[in-house]
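**Student:** One structure, as structure tokens, below. Some questions next.
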Amino acid sequence: MPSSNSPALPASPAAPVSRSGSPRAGRARRVLPGFGLTLGYTLFWLGLIVLLPLSALLLKSFSLTWEQFWTAVSAPRVLASYRLTFGASFLAALVNLFAGLLVAWVLVRYEFPGKRIVDALVDLPFALPTAVAGISLTALLAGNGWIGQYLEPHGIKLAFTPAGVVIALIFIGLPFVVRTVQPVLEDSEKELEEAATSLGATRWQTFWRVILPSILPALITGFAMAFARAIGEYGSVIFIAGNMPMVSEITPLIIIGKLEQYDYAGATAVAVVMLLFSFVMLLVINALQGWQRRRAGGAS
Amino acid sequence: MSIEIRNVSKRFGDFQALGDVSLDIASGELVALLGPSGCGKTTLLRIIAGLEAADAGSILFAGEDTTDVHVRERQVGFVFQHYALFRHMTVFENVAFGLRVRPRRTRPSEAQIKAKVHELLSLVQLDWLADRYPSQLSGGQRQRIALARALAVEPKVLLLDEPFGALDAKVRKELRRWLRRLHDELHVTSIFVTHDQEEALEVADRVVLMNKGRIEQVGSPQQVWDQPASPFVYGFLGDVNLFHGRADDGAVEVQGIRLESPEHGNVRNAQALAYVRPHDLEIRPWVAGGTGIAATLDRAIVVGPIARLELEPVDANPDNPGSGTIIEAQIPAQQFRDLGLAEGDKVLATPRKARVFVEEDWVSP
Amino acid sequence: MSIEIRNVSKRFGDFQALGDVSLDIASGELVALLGPSGCGKTTLLRIIAGLEAADAGSILFAGEDTTDVHVRERQVGFVFQHYALFRHMTVFENVAFGLRVRPRRTRPSEAQIKAKVHELLSLVQLDWLADRYPSQLSGGQRQRIALARALAVEPKVLLLDEPFGALDAKVRKELRRWLRRLHDELHVTSIFVTHDQEEALEVADRVVLMNKGRIEQVGSPQQVWDQPASPFVYGFLGDVNLFHGRADDGAVEVQGIRLESPEHGNVRNAQALAYVRPHDLEIRPWVAGGTGIAATLDRAIVVGPIARLELEPVDANPDNPGSGTIIEAQIPAQQFRDLGLAEGDKVLATPRKARVFVEEDWVSP
Amino acid sequence: QTTLLNVSYDVAREFYKDYNSAFVAHYKKTTGKDVKIDQSHAGSSAQARAVADGLDADVVTMNTTTDIEFLADKGVVAKDWAKRFPDNAAPTTSTMLFMVRKGNPKGIKDWDDLIKPGVQVVVVNPKTGGNGRYAYLAAWGYVKKKGGTDAQAAEFVGKLFKNVPVLARGGRDATTAFLQRNIGDALITFESEVISIDREYGAGKVDVVYPSISVLAENPVAVVERTVAKKGTADLAKAYLDYLYSEEGQEIAAKHAMRPRNQAVLKKHADVFKPLQLFTVQELFGSLGEAQKVHFNDGGQFDKLYTPGGK
Amino acid sequence: MSGGTTLRAANRRAKAGTTESPLVRWLLIGLALAFMTLFLVLPLAAVATEALRKGLDAYIEALREPDAWAAIWLTLITAAISVPLNLVFGVAAAWAIAKFEFRGKAFLTTLVDLPFAVSPVVAGLVYVLVLGAQGWFGPWLAEHNIKIIFAVPGIVLATVFVTFPFIARELIPLMQAQGSDEEQAAIVLGATGWQTFWRVTLPNIKWGLLYGVILCNARAMGEFGAVSVVSGHIRGQTNTMPLHVEVLYNEYQSVGAFAVASLLALLALVTLVIKTAIEWRHEREMKALAALPPERPTPATPVAKPAAQSASERQAL
Ligand SMILES: Nc1ncnc2c1ncn2[C@@H]1O[C@H](COP(=O)(O)OP(=O)(O)OP(=O)(O)O)[C@@H](O)[C@H]1O
Ligand SMILES: Nc1ncnc2c1ncn2[C@@H]1O[C@H](COP(=O)(O)OP(=O)(O)OP(=O)(O)O)[C@@H](O)[C@H]1O
Ligand SMILES: [Mg+2]
Ligand SMILES: [Mg+2]
Ligand SMILES: O=S(=O)([O-])[O-]
């Protein structure tokens, strides 16, 4: 009665095609069209706009000997600038992590007057020219500025200190965190929170143990984006930084400084270090997320 | 713990989701809330749990008003329709959650938690899955983990919202039996929501039939099956054939067939609806002039002990709006074979028993 | 149009989703693919449609190899499990889609499209919903629109992936009958996937039972029910009790009861599994020394014409692994009442009929 | 109609706006030809880099000679560009002055006052702006001119920069910090910025202090041979730059607070261009390029001010 | 009925189940608003004050300068070219990444993100390195008299680079979440690839797409660093608005600078308002859909006349 269990030889000469693992091998084809076209175009455009120019950067820095390269990227001032740039970027991204979560939370969960305006304002840092942002922030925070005048008497100096750098970077990075967390928070299942509550969890426990883990990937992404963007930021920072070597000089300023002395290779060398760092970080974050998605993934 | 639901109402905007619902549930009972989609089952369950607030009315646990008791402190176990398992926690962590979030004073030690969780996992027969993540489980397994998690806090009341809704027919059948058994073991007062009448009838001690935000009937499975309080209940509890007729003097005439209906003894010449369950139809080969509804055998499904027949009334009468649609009948497979009927044959169907509702009955609910 | 499936295999990575599947489907047939979750039903259906490519083997439509025919040109109607209706189009636009995307040469005029769509919407009895969006429809309505959309292109083959999977028990029952009726009207070769045996048995002309990427049995509903080819089929098609025993000389001994099993006439003293359907168990009140399996009546569910009984074998025999678990029996409700049994009473259960598989049978699948 | 692109430094936009219209009229009168002048303004060395990288400038008019040296190295302008026009090919000059708060509360008179403890000085970052480089060199030169050694100069400059709270990116930023943000007691900047500052913040908001000694900062110009060869605008370019030396050109420059080379014009504006002792870069540092290498390049004298252990 | 007091109490109670107490709620809102005010509103206000420092007349005068107009025009042109370019790329990349499985996908996604992490100054510089007179293709381009760097194409390129990931980033998660069921359905129904894209995919992603476009546009108009390097700063020709702001600022014309900056902020706000309006409409649409009864209306078929208690009464369908 079983119709297909016969050990007869297969009618078509087929089988070993996909033994190698890839189910796409051989005659298999994709149902949705345009894979070749879109992937091809993506790679082409990516290569043209991003990879080709960036490889020029790499090659330019290779015009240095290894020793020159090392000197260029590890001079004490450059090292100090890394510390400031990465440190301030990290701090700013960290602040954005909390502030962004707070803003996203408030925007998603609560109703209050002016909510839409606040929502719209979140994207402002994307739109305002960075230099303008830098000038305005400096104007606000300087000793005689709207905010600075109240802080200065208490010995709190923000403008022209590393703290100013952090503030400018917070401004730049905020939308990244808010805009990645917001949709995830919107999608998060109310039932999970209800389940936690009915199991006796307090609101804080629910947030900490249930909500936070579920938005963690988005938070990390937002953090990474804000961080990556902050590392490269120049326009808004230099106005507020004070730019004191070893203290408040950011790495992009080092690059500009090298360019001012027509040291293209040295400038690209430092740029390459920054780029590599950012790239590795993005890669790690993406991999981390992929892993998280696979683990927690699937329909629940 | 007993539960009393007193005159609970709930609106969502303009929509009356629950209208003055009252219900008593005895300690240790297993009650099914049964009704069509959107009738307010989930809403009622959530109000009992404290996840939603009633607009009016109150919920009493063991005689005490719970209005001011936070969900957290109500000690209800709630099992959500889509499980709502914590995705980023292992099965073990999921079940342990309710214990871990206790205030330090009352929190069991790690060893106790471990023992308790494993005990619960054994109870739901999934001890070997402790280290998996929810995404690595099948639907039925997830369901049982959700239950174990709810039980971990030793709830006084267990509330289950369509616990088997998202499962395969086969798994669903297994789990419902398993739930019954579990309840018999633990005897915790339980309410479960379903829209599957078979499930409700099979599992529950009592069935609460809801429709449009109101309770239509409350009773044991047998009671609601045998004495449905309204046409809605009759129709909802199983397949049914509907015949239009006239009630007069304790009997109803449907297509020339007289059915006794003593409870309508004082009704005179009123429109009536006669509900006949498929297995209450008697089927005989057609004979000219025989009593019964003449029909053609459209399709016969004979697998297992029961033959399900679909009959098409021969002489669809335009004055009788009930006619013209298919009549369904169920007879023992053996009997069907004995009758020697083939598809296309003409038969006579006679209701053996009917539940009759006259005009005034329809108005009530 | 007839369909031939020839030695189709499919792997996903290391996982063999389909292993050398062959199947012939006659023109105009309605075939059900039945099997547990993950057995490869969807995969097979998608390969037939051309949505997935087989690793080996071929699909023939009306005798012609379709390997090089693009999905677009196969003229299959595919109804997706979750409908996959176009969210941003009205019901009308959804159904008209297949006509509108035709090349200008063969595209019908607007008037023709309109007429055709309305004809189809009438066919699925949802003409009045033409202007709604899918999100405004109930599950059952969506399902029927998905079907109308698939039918609009006048497919030669209709493929339905768990068409009723996501629906309420009640709606599902309505729709399956309706599908059968529709098929009888249109007579387009149809394959539908399900994991609900009741659905498969009720609707299909033939049932294909799949397990772990292979076909276990093909036959009419009655055939597969009455002569299951393997323990898997037996178990999958309905509730079943399993008894362990010894087969010898054309008979099997199970707990002291001798069951005839002529097909195993040449088997000598082999381990055997006896499958007994609940309605094939005879139940009598317990008498000392009576033949039959002594058991306690654990629970009786008596709603409707059938009484479902759960029995616990009294003398669970550790040497007999089949014992110790619950035995399920179904007897007519009338008979149950006549027996006057109450829960807790002791009874004797005797298999009236059994399907026996001896050791060697188990190995094959 | 011929167009000519003048690639210039940041704060010269207003000056060249006026000069261009004068030149266009002059050119029309003398040759009868219409000409259109395009201007490009940004940081001086950024502009030089742009020209080297292909910006089609016909002429470059910078505020630091190193920028044109760089172009000469790249072969974009003639190697002997400095000889092609009078006065080292710098038709105008400027020098470094101090600006102090109104009434000069800290009593700042000369360089020595800037290194006193408690005095804060706003300077442009020599790494990123010519303004800052000249300020640095002026201070260094002040010590040398007074007979000091290099070591003494280094110490002096070190002290000066210890008093610097903010290294501005460019002249404008320094001014903003000093005037708008109220930072520091003195600002070292180009004489040519004074007039812009008066215009933006109103005259008399700050006092100008002329130190005893300062540096002569040349504003060199050159024809970009690469472009003019291609465009055939060599004559026009030369005419354009020549006209800078004309009386009219010098007059316009003076109006924009750039010191004219023409002594007559300079005298005429003696109230603006107070005479003070000026030294040239060549005199003390060889050339600006040399100074750049020794002082400002990575690891140079300036870096040592800020790196621990460096001196 | 148990009356008003229990009712209010009950409301309070149950709400507390899945939200915070009003105190915490308002505290959080207050914190968020304070943060937003400090970091976003005040800078915006500072821009406005600076722009109007010398009165409205000076403000208007500053905007009437021909250079300002040229800058505005160039900015709009740049955005008008670079946004569509990134639109096409974003859609293509999202299609490939979201609808198909292939090896190296995570890596590709990272590469798409990369421009976020490149310092804008470096972004400009790399184009100079490739296309500048001393770069790889510089001599060839000069020979053929093709101007890219220090001309509008260069500005567009730099802008494209800087805004590269915006649209793709917006679309990829959206399209991943939507899956490809509808596309498969369209193909089975005989639609070609293009038809599937235009009629099925595009309408489904249009909101996300629009949002991406708006963000991309905002950033394209506001970009300073990268454009600065490749622009050449030719007055009236290659100065975009942000560059013009810089020039004016350095010229000690802060009113002019902030006037143009305020215009940029205004442009940004306008796009944000458009975005908000669009979102609001979308939301309303969604709400309208959700508000409709999910199940069939009661008079489904005119079978059972007065007895229409429930659908189930209609005798076996
Ligand atoms: N938060 C809400 N806002 C508005 N209406 C709601 C809300 N919750 C439920 N409703 C409405 O109240 C009615 C009852 O909903 P409820 O979820 O209790 O139904 P149900 O009986 O559980 O149905 P189902 O079987 O479909 O789950 C529905 O019509 C639903 O649309
Ligand atoms: N694209 C895929 N990649 C990897 N594995 C797959 C893929 N599609 C299906 N499978 C696997 O192939 C097996 C058969 O899948 P299929 O969807 O055909 O099952 P099914 O019989 O339709 O099950 P269900 O009833 O759950 O829908 C499953 O184990 C599934 O995990
Ligand atoms: Mg519900
Ligand atoms: Mg499937
Ligand atoms: O893409 S939508 O879900 O907004 O249609």
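Starting from 1 in every chain, residues are counted up; chains themselves are A, B, ... following the order of the structure tokens, and ligands are numbered from 1 as listed.
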Quick one: pick out all helix (DSSP H, G or I) residues within segment 4-143 of chain D from a backbone DSSP run and write them as a PyMOL selection string.
**Tutor:** chain D and resi 10-31+44-52+65-73+81-84+86-89+111-114+130-143
**Student:** Let me see if you get this right: every residue at most 10 Å from ligand 2, counting only C-alpha atoms and all ligand atoms, written as an NGL selection string.
**Tutor:** (:A and (23)) or (:B and (138 or 168)) or (:C and (10-18 or 33-47 or 52 or 81 or 161-162 or 165 or 193-196 or 210-213)) or (:E and (101))
**Student:** Within 6 Å of chain A, which residues of chain D show up when using only C-alpha atoms, listed as an mmCIF file with C-alpha atoms, in the first residue's frame?
**Tutor:**
```
data_model
loop_
_atom_site.group_PDB
_atom_site.id
_atom_site.type_symbol
_atom_site.label_atom_id
_atom_site.label_comp_id
_atom_site.auth_asym_id
_atom_site.auth_seq_id
_atom_site.Cartn_x
_atom_site.Cartn_y
_atom_site.Cartn_z
ATOM 1 C CA SER D 45 45.674 75.822 3.669
ATOM 2 C CA LYS D 127 47.968 73.591 14.138
ATOM 3 C CA THR D 128 44.852 74.657 12.342
ATOM 4 C CA VAL D 166 41.033 77.953 24.566
ATOM 5 C CA LEU D 167 42.781 77.196 21.332
ATOM 6 C CA ARG D 181 31.877 84.155 25.372
#
```
**Student:** Based on the backbone DSSP call, show me all residues of segment 12-180 of chain B assigned strand (DSSP E), as an NGL selection string.
**Tutor:** :B and (12 or 15-25 or 30-34 or 56-61 or 64-65 or 76-79 or 157-161)
**Student:** Please, could you write that set of residues out with N, CA, C and O atoms as a CSV table (one decimal), in the first residue's frame?
**Tutor:**
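What landed in again11.csv:
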```csv
chain,number,residue,atom,x,y,z
B,12,PHE,N,-15.6,49.7,26.3
B,12,PHE,CA,-14.4,50.2,25.6
B,12,PHE,C,-14.9,51.3,24.7
B,12,PHE,O,-15.6,51.0,23.7
B,15,PHE,N,-18.3,50.8,23.1
B,15,PHE,CA,-18.6,49.4,23.0
B,15,PHE,C,-18.7,48.8,24.3
B,15,PHE,O,-17.8,48.8,25.2
B,16,GLN,N,-19.9,48.2,24.5
B,16,GLN,CA,-20.2,47.5,25.8
B,16,GLN,C,-19.6,46.1,25.7
B,16,GLN,O,-20.2,45.2,25.1
B,17,ALA,N,-18.4,45.9,26.3
B,17,ALA,CA,-17.8,44.6,26.2
B,17,ALA,C,-18.4,43.6,27.2
B,17,ALA,O,-18.5,42.4,27.0
B,18,LEU,N,-18.7,44.1,28.4
B,18,LEU,CA,-19.4,43.3,29.4
B,18,LEU,C,-20.6,44.1,30.0
B,18,LEU,O,-20.5,45.2,30.4
B,19,GLY,N,-21.7,43.4,30.1
B,19,GLY,CA,-22.9,44.1,30.6
B,19,GLY,C,-23.4,43.3,31.8
B,19,GLY,O,-24.1,42.3,31.7
B,20,ASP,N,-23.1,43.9,33.0
B,20,ASP,CA,-23.7,43.4,34.2
B,20,ASP,C,-23.6,41.8,34.4
B,20,ASP,O,-24.6,41.1,34.5
B,21,VAL,N,-22.4,41.4,34.5
B,21,VAL,CA,-22.1,40.0,34.5
B,21,VAL,C,-22.0,39.6,36.0
B,21,VAL,O,-21.2,40.2,36.8
B,22,SER,N,-22.7,38.5,36.4
B,22,SER,CA,-22.5,38.0,37.8
B,22,SER,C,-22.3,36.5,37.7
B,22,SER,O,-22.9,35.8,36.8
B,23,LEU,N,-21.5,36.0,38.6
B,23,LEU,CA,-21.1,34.6,38.5
B,23,LEU,C,-20.4,34.2,39.8
B,23,LEU,O,-19.6,34.9,40.3
B,24,ASP,N,-20.8,33.0,40.3
B,24,ASP,CA,-20.1,32.5,41.5
B,24,ASP,C,-19.4,31.2,41.1
B,24,ASP,O,-19.9,30.4,40.4
B,25,ILE,N,-18.2,31.2,41.5
B,25,ILE,CA,-17.3,30.0,41.3
B,25,ILE,C,-16.9,29.4,42.6
B,25,ILE,O,-16.3,30.2,43.4
B,30,LEU,N,-13.4,23.8,38.2
B,30,LEU,CA,-12.8,24.1,36.9
B,30,LEU,C,-13.9,24.6,36.0
B,30,LEU,O,-14.8,23.8,35.6
B,31,VAL,N,-13.9,25.8,35.7
B,31,VAL,CA,-15.0,26.4,34.9
B,31,VAL,C,-14.5,26.9,33.6
B,31,VAL,O,-13.4,27.4,33.4
B,32,ALA,N,-15.3,26.6,32.6
B,32,ALA,CA,-15.0,27.1,31.2
B,32,ALA,C,-15.8,28.3,30.8
B,32,ALA,O,-17.0,28.3,31.1
B,33,LEU,N,-15.2,29.3,30.3
B,33,LEU,CA,-15.9,30.4,29.7
B,33,LEU,C,-16.0,30.2,28.2
B,33,LEU,O,-15.0,30.2,27.6
B,34,LEU,N,-17.2,30.0,27.7
B,34,LEU,CA,-17.3,29.6,26.3
B,34,LEU,C,-18.2,30.6,25.6
B,34,LEU,O,-19.2,31.1,26.1
B,56,ALA,N,-17.9,49.0,36.5
B,56,ALA,CA,-18.8,48.9,37.7
B,56,ALA,C,-18.8,47.5,38.2
B,56,ALA,O,-18.4,46.6,37.4
B,57,GLY,N,-19.2,47.2,39.4
B,57,GLY,CA,-19.2,45.9,39.9
B,57,GLY,C,-17.9,45.5,40.6
B,57,GLY,O,-17.0,46.3,40.7
B,58,SER,N,-17.9,44.4,41.2
B,58,SER,CA,-16.7,44.0,42.0
B,58,SER,C,-16.5,42.5,41.9
B,58,SER,O,-17.3,41.7,41.5
B,59,ILE,N,-15.3,42.2,42.2
B,59,ILE,CA,-14.8,40.8,42.2
B,59,ILE,C,-14.4,40.4,43.6
B,59,ILE,O,-13.7,41.2,44.3
B,60,LEU,N,-15.0,39.3,44.1
B,60,LEU,CA,-14.6,38.9,45.5
B,60,LEU,C,-13.9,37.6,45.4
B,60,LEU,O,-14.3,36.6,44.8
B,61,PHE,N,-12.7,37.6,46.1
B,61,PHE,CA,-12.0,36.3,46.3
B,61,PHE,C,-12.2,35.9,47.7
B,61,PHE,O,-12.0,36.6,48.6
B,64,GLU,N,-13.8,38.3,49.8
B,64,GLU,CA,-13.2,39.6,50.1
B,64,GLU,C,-13.1,40.4,48.8
B,64,GLU,O,-12.7,39.9,47.8
B,65,ASP,N,-13.5,41.6,48.9
B,65,ASP,CA,-13.5,42.5,47.7
B,65,ASP,C,-12.0,42.7,47.3
B,65,ASP,O,-11.2,43.0,48.1
B,76,VAL,N,-3.1,35.4,41.5
B,76,VAL,CA,-3.7,34.6,40.4
B,76,VAL,C,-2.6,34.1,39.5
B,76,VAL,O,-1.6,34.8,39.3
B,77,GLY,N,-2.8,33.0,38.9
B,77,GLY,CA,-1.9,32.5,37.9
B,77,GLY,C,-2.6,32.8,36.6
B,77,GLY,O,-3.8,32.4,36.4
B,78,PHE,N,-2.0,33.5,35.7
B,78,PHE,CA,-2.6,33.8,34.4
B,78,PHE,C,-1.8,33.2,33.3
B,78,PHE,O,-0.6,33.4,33.2
B,79,VAL,N,-2.5,32.4,32.5
B,79,VAL,CA,-1.9,31.8,31.3
B,79,VAL,C,-2.4,32.4,30.1
B,79,VAL,O,-3.6,32.4,29.8
B,157,VAL,N,-5.9,31.1,42.4
B,157,VAL,CA,-6.8,31.0,41.3
B,157,VAL,C,-5.9,30.9,40.0
B,157,VAL,O,-4.9,31.6,39.9
B,158,LEU,N,-6.4,30.0,39.1
B,158,LEU,CA,-5.7,29.8,37.9
B,158,LEU,C,-6.6,30.3,36.7
B,158,LEU,O,-7.7,29.8,36.6
B,159,LEU,N,-6.1,31.2,36.0
B,159,LEU,CA,-6.9,31.7,34.8
B,159,LEU,C,-6.2,31.4,33.5
B,159,LEU,O,-5.0,31.8,33.4
B,160,LEU,N,-6.9,30.8,32.6
B,160,LEU,CA,-6.3,30.4,31.4
B,160,LEU,C,-7.0,31.0,30.2
B,160,LEU,O,-8.2,30.7,30.0
B,161,ASP,N,-6.4,31.8,29.4
B,161,ASP,CA,-7.1,32.4,28.2
B,161,ASP,C,-6.8,31.6,27.0
B,161,ASP,O,-5.7,31.6,26.4
```
**Student:** When you get a sec, could you note down which chain E residues fall within 6 Å of chain D, using only C-alpha atoms, as a ChimeraX atom specification?
**Tutor:** /E:132-134,150,233-235,250-252
**Student:** With C-alpha atoms retained, could you export that selection as a compact mmCIF listing (two decimals), in the first residue's frame?
**Tutor:**
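Written out: out_19.txt:
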```txt
# COMPACT_ATOMS: atom_id res chain seq x y z
CA GLY E 132 41.33 64.83 -7.00
CA ALA E 133 44.02 66.08 -9.36
CA GLN E 134 46.57 64.01 -7.46
CA PHE E 150 35.06 71.04 -6.49
CA HIS E 233 33.79 77.09 -1.75
CA ILE E 234 33.19 79.10 -4.89
CA ARG E 235 30.89 81.90 -3.94
CA ASN E 250 33.96 83.63 9.52
CA GLU E 251 33.30 86.93 7.81
CA TYR E 252 31.94 88.31 11.07
```
**Student:** Report as a ChimeraX atom specification all protein, DNA and RNA residues lying within 6 Å of Met1 of chain B, evaluated on only C-alpha atoms, omitting residues in the same chain fewer than 4 positions from it.
**Tutor:** /B:27,62,156
**Student:** Could you please take those selected residues and save N, CA, C and O atoms as a short mmCIF file (atom, residue, chain, number, x, y, z; two decimals), in the first residue's frame?
**Tutor:**
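Saved result, part-v1.cif, follows:
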```
data_model
loop_
_atom_site.label_atom_id
_atom_site.label_comp_id
_atom_site.auth_asym_id
_atom_site.auth_seq_id
_atom_site.Cartn_x
_atom_site.Cartn_y
_atom_site.Cartn_z
N SER B 27 -14.81 27.07 45.29
CA SER B 27 -13.40 26.75 45.48
C SER B 27 -13.10 25.41 44.83
O SER B 27 -13.85 24.44 44.99
N ALA B 62 -12.72 34.64 47.83
CA ALA B 62 -13.01 34.09 49.15
C ALA B 62 -13.80 35.08 49.98
O ALA B 62 -13.51 35.33 51.15
N LYS B 156 -3.82 31.04 44.06
CA LYS B 156 -5.07 30.53 44.62
C LYS B 156 -6.09 30.35 43.51
O LYS B 156 -7.09 29.65 43.67
#
```
**Student:** Neighbours of Gly256 of chain E within 10 Å (only C-alpha atoms; same-chain residues fewer than 5 positions away dropped), as a list in words?
**Tutor:**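 In the requested format, the answer is Glu50, Ala51, Leu52, Ala58, Tyr59, Ile60, Glu61, Ala62, Leu63, Arg64, Glu65, Ala68, His244, Val245, Val247, Leu248, Tyr249, Glu251, Ala261 and Ser262 of chain E.
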**Student:** Please determine, counting only C-alpha atoms, which residue among B:Asp205, B:Glu312, B:Asp280, B:Asp248 has the shortest atom-to-atom distance to chain E.
**Tutor:** B:Glu312
**Student:** Give the residues of chain B that lie within 9 Å of chain A; count only C-alpha atoms, and format the answer as a ChimeraX atom specification.
**Tutor:** /B:49-51,71-80,82-89,97-102,133-136,139,142,149-150,152-153,155
**Student:** Quick one: residues within 12 Å of segment 135-147 of chain E, only C-alpha atoms counted, chain neighbours fewer than 3 positions away excluded, as number ranges by chain?
**Tutor:** A: 52-53, 55-57, 59-60, 264; D: 52-56, 226-227, 230-231; E: 125-132, 150-155, 230-232
**Student:** Within 8 Å of ligand 5, counting only C-alpha atoms and all ligand atoms, which protein or nucleic acid residues do you find, written as an MDAnalysis selection string?
**Tutor:** (chainID C and resid 87:88) or (chainID E and resid 174 178 203:208 282)
